[in-house]
$ cat final16.txt   # compact mmCIF, C-alpha atoms and all ligand atoms
# COMPACT_ATOMS: atom_id res chain seq x y z
CA MET W 19 46.38 -6.01 5.59
CA LYS W 20 43.80 -5.97 8.30
CA THR W 21 42.15 -2.74 7.10
CA ILE W 22 41.97 -3.99 3.52
CA ARG W 23 40.19 -7.14 4.56
CA ILE W 24 37.65 -5.13 6.56
CA SER W 25 36.85 -2.77 3.71
CA LEU W 26 36.49 -5.66 1.28
CA LEU W 27 34.02 -7.25 3.65
CA GLY W 28 32.19 -3.94 3.88
CA LEU W 29 31.99 -3.65 0.11
CA THR W 30 30.68 -7.18 -0.24
CA ALA W 31 28.02 -6.48 2.37
CA LEU W 32 27.06 -3.28 0.57
CA ALA W 33 26.79 -5.04 -2.78
CA PHE W 34 24.58 -7.72 -1.27
CA SER W 35 22.27 -5.29 0.49
CA SER W 36 21.74 -3.17 -2.63
CA LEU W 37 20.98 -6.33 -4.58
CA ASN W 38 18.40 -7.21 -1.97
CA LEU W 39 16.84 -3.77 -2.17
CA LEU W 40 16.66 -4.07 -5.93
CA ALA W 41 14.98 -7.46 -5.73
CA ASP W 42 12.42 -6.18 -3.20
CA SER W 43 11.45 -3.10 -5.15
CA GLU W 44 11.16 -5.15 -8.31
CA ALA W 45 8.87 -7.62 -6.64
CA ILE W 46 6.28 -5.09 -5.47
CA ASP W 47 5.92 -1.40 -6.17
CA ALA W 48 3.17 -0.49 -3.71
CA THR W 49 2.89 3.06 -5.05
CA ALA W 50 2.43 1.76 -8.61
CA VAL W 51 -0.27 -0.66 -7.41
CA TRP W 52 -2.00 2.22 -5.59
CA LYS W 53 -1.82 4.52 -8.63
CA ALA W 54 -3.15 1.85 -10.98
CA ASN W 55 -5.97 0.58 -8.75
CA CYS W 56 -6.85 2.87 -5.88
CA LYS W 57 -5.91 6.42 -6.83
CA LYS W 58 -9.03 7.20 -8.87
CA CYS W 59 -11.17 6.92 -5.74
CA HIS W 60 -8.78 7.38 -2.81
CA ALA W 61 -6.56 10.05 -4.48
CA GLU W 62 -2.83 9.81 -4.96
CA ASP W 63 -2.14 11.08 -1.44
CA GLY W 64 -4.82 8.89 0.18
CA SER W 65 -6.93 11.89 1.15
CA GLY W 66 -9.99 10.67 -0.78
CA ALA W 67 -10.26 14.12 -2.33
CA THR W 68 -11.51 12.90 -5.70
CA LYS W 69 -14.90 13.31 -7.35
CA ILE W 70 -15.76 9.65 -6.75
CA GLY W 71 -14.26 9.83 -3.28
CA GLN W 72 -16.49 12.70 -2.28
CA LYS W 73 -19.54 11.01 -3.77
CA LEU W 74 -18.85 7.75 -1.93
CA GLY W 75 -17.80 9.38 1.34
CA ILE W 76 -14.27 8.02 1.32
CA LYS W 77 -12.30 8.72 4.47
CA ASP W 78 -9.18 10.85 4.61
CA TYR W 79 -6.20 8.57 5.27
CA THR W 80 -3.94 11.55 5.92
CA ASP W 81 -6.00 12.07 9.11
CA ALA W 82 -4.43 10.46 12.19
CA ASN W 83 -7.87 9.74 13.70
CA VAL W 84 -8.96 7.86 10.58
CA GLN W 85 -5.69 5.90 10.65
CA ALA W 86 -6.30 4.99 14.29
CA SER W 87 -9.85 3.83 13.47
CA MET W 88 -8.68 0.98 11.24
CA THR W 89 -6.45 -1.99 11.98
CA ASP W 90 -3.93 -3.52 9.58
CA GLU W 91 -6.19 -6.58 9.38
CA GLU W 92 -9.12 -4.39 8.32
CA ILE W 93 -7.04 -2.77 5.58
CA VAL W 94 -6.13 -6.21 4.19
CA LYS W 95 -9.69 -7.51 4.55
CA THR W 96 -11.27 -4.48 2.86
CA THR W 97 -8.73 -4.57 0.03
CA LYS W 98 -9.49 -8.24 -0.56
CA GLU W 99 -13.26 -8.12 -0.21
CA GLY W 100 -14.12 -4.58 -1.31
CA VAL W 101 -16.93 -2.51 0.16
CA PHE W 102 -20.58 -3.31 -0.48
CA ASP W 103 -23.53 -1.28 0.66
CA GLY W 104 -26.38 -3.76 0.52
CA GLY W 105 -26.05 -5.05 -3.04
CA LYS W 106 -24.35 -1.90 -4.24
CA LYS W 107 -20.61 -2.11 -4.92
CA LYS W 108 -18.80 0.91 -3.51
CA MET W 109 -15.28 -0.50 -3.79
CA PRO W 110 -14.27 -3.50 -5.92
CA PRO W 111 -12.67 -6.53 -4.24
CA TYR W 112 -9.02 -7.09 -5.16
CA ALA W 113 -8.52 -10.68 -3.93
CA GLU W 114 -8.51 -11.95 -7.54
CA LYS W 115 -6.83 -8.95 -9.11
CA LEU W 116 -3.81 -8.43 -6.85
CA SER W 117 -1.41 -10.94 -5.32
CA GLU W 118 -1.32 -11.58 -1.57
CA GLU W 119 2.01 -9.70 -1.43
CA GLU W 120 0.58 -6.70 -3.27
CA ILE W 121 -2.41 -6.59 -0.93
CA GLN W 122 -0.14 -6.84 2.14
CA ALA W 123 1.98 -4.01 0.70
CA MET W 124 -1.07 -1.71 0.84
CA VAL W 125 -0.88 -1.63 4.66
CA PRO W 126 2.46 0.24 5.02
CA LEU W 127 1.56 2.37 2.00
CA ILE W 128 -1.78 3.49 3.49
CA ARG W 129 -0.05 4.06 6.87
CA SER W 130 2.49 6.29 5.09
CA PHE W 131 -0.30 8.68 4.04
CA ALA W 132 -0.71 9.86 7.65
CA LYS W 133 0.53 13.38 8.17
C1 LIG R 1 -14.43 2.66 -6.91
C2 LIG R 1 -13.75 3.42 -5.89
C3 LIG R 1 -12.68 2.72 -5.05
C4 LIG R 1 -11.52 2.10 -5.47
C5 LIG R 1 -11.03 1.93 -6.89
C6 LIG R 1 -10.84 1.67 -4.27
N1 LIG R 1 -11.57 2.00 -3.16
FE1 LIG R 1 -11.08 1.63 -1.22
N2 LIG R 1 -12.88 2.33 -0.59
C7 LIG R 1 -13.82 2.91 -1.42
C8 LIG R 1 -14.98 3.26 -0.61
C9 LIG R 1 -16.26 3.90 -1.13
C10 LIG R 1 -14.70 2.88 0.71
C11 LIG R 1 -15.60 3.02 1.94
C12 LIG R 1 -15.52 4.36 2.55
C13 LIG R 1 -14.33 4.48 3.45
O1 LIG R 1 -14.18 3.67 4.36
O2 LIG R 1 -13.51 5.40 3.25
C14 LIG R 1 -13.36 2.31 0.69
C15 LIG R 1 -12.71 1.84 1.80
C16 LIG R 1 -11.40 1.37 1.82
C17 LIG R 1 -10.71 0.92 2.99
C18 LIG R 1 -11.33 0.77 4.36
C19 LIG R 1 -11.04 1.79 5.37
C20 LIG R 1 -11.66 1.44 6.72
O3 LIG R 1 -12.27 2.31 7.28
O4 LIG R 1 -11.51 0.30 7.19
C21 LIG R 1 -9.46 0.58 2.60
C22 LIG R 1 -8.33 0.05 3.47
C23 LIG R 1 -9.38 0.77 1.17
N3 LIG R 1 -10.57 1.26 0.72
C24 LIG R 1 -8.28 0.49 0.40
C25 LIG R 1 -8.28 0.49 -1.00
C26 LIG R 1 -7.17 0.01 -1.79
C27 LIG R 1 -5.87 -0.53 -1.23
C28 LIG R 1 -7.56 0.13 -3.11
C29 LIG R 1 -6.80 -0.28 -4.34
C30 LIG R 1 -6.18 -1.61 -4.36
C31 LIG R 1 -8.89 0.72 -3.11
N4 LIG R 1 -9.29 0.91 -1.82
C32 LIG R 1 -9.62 1.02 -4.25
C33 LIG R 1 -13.73 3.11 -2.77
C34 LIG R 1 -12.71 2.64 -3.59
$ encode --input "final16.txt" --output "structure tokens"
Amino acid sequence: MKTIRISLLGLTALAFSSLNLLADSEAIDATAVWKANCKKCHAEDGSGATKIGQKLGIKDYTDANVQASMTDEEIVKTTKEGVFDGGKKKMPPYAEKLSEEEIQAMVPLIRSFAK
């Protein structure tokens, strides 16, 4: 009897944790957000190896030194406010376009580009 009760508990826990995973991934798909909004400049792999990326001098986020040069706060701030060079817009601000959760999800995603 004892073993049965334990395995039932285990199954219940498993069911709950997979439900949680499902709910999380449905809430925010960071990769989808990146592909839809950031990829055209920053490249799918975050290397910045795109035509626009080269033109604008986008940094290579697969480079550990580049990763070390920016803080999580800076990633969030830049994503919200964009990048302006004088009056010239180099990167659009996403504060209005993406939710707070989507913007926060860009931090672990960008960190995952590091080689
Ligand atoms: C129109 C092209 C363009 C798009 C689209 C774009 N960016 Fe950028 N981004 C740039 C440029 C240009 C810079 C400044 C150069 C650099 O720091 O690499 C930059 C800089 C950044 C930085 C700052 C890095 C640092 O050094 O602090 C982050 C973080 C960033 N972008 C994230 C994003 C995210 C997330 C998205 C999508 C939600 C996005 N970008 C979309 C062009 C773009």
$ residues_near_ligand --input "final16.txt" --ligand "ligand LIG 1 (chain R)" --cutoff "8 Å" --atoms "only C-alpha atoms and all ligand atoms" --output "ChimeraX atom specification"
/W:51-52,54-60,66,70-71,74-78,84,87-89,92-97,100-101,108-110,112,116,121,124-125,128
$ atom_distance --input "final16.txt" --atom1 "CA of Lys107 in chain W" --atom2 "CA of Phe131 in chain W"
24.7 Å
$ closest_residue --input "final16.txt" --among "W:Gln122, W:Thr49, W:Gln85, W:Ser25" --to "Ser65 in chain W" --atoms "only C-alpha atoms"
W:Gln85
$ atom_distance --input "final16.txt" --atom1 "CA of Ser130 in chain W" --atom2 "CA of Glu91 in chain W"
16.1 Å
$ atom_distance --input "final16.txt" --atom1 "CA of Asp81 in chain W" --atom2 "CA of Ala113 in chain W"
26.3 Å
$ closest_residue --input "final16.txt" --among "W:Ala67, W:Ala61, W:Ala132, W:Ile46" --to "Glu118 in chain W" --atoms "all atoms listed in the file"
W:Ile46
$ closest_residue --input "final16.txt" --among "W:Ala82, W:Arg129, W:Pro111, W:Glu120" --to "Ala48 in chain W" --atoms "all atoms listed in the file"
W:Glu120
$ closest_residue --input "final16.txt" --among "W:Asn83, W:Glu99, W:Gly105, W:Asp47" --to "Pro126 in chain W" --atoms "only C-alpha atoms"
W:Asp47
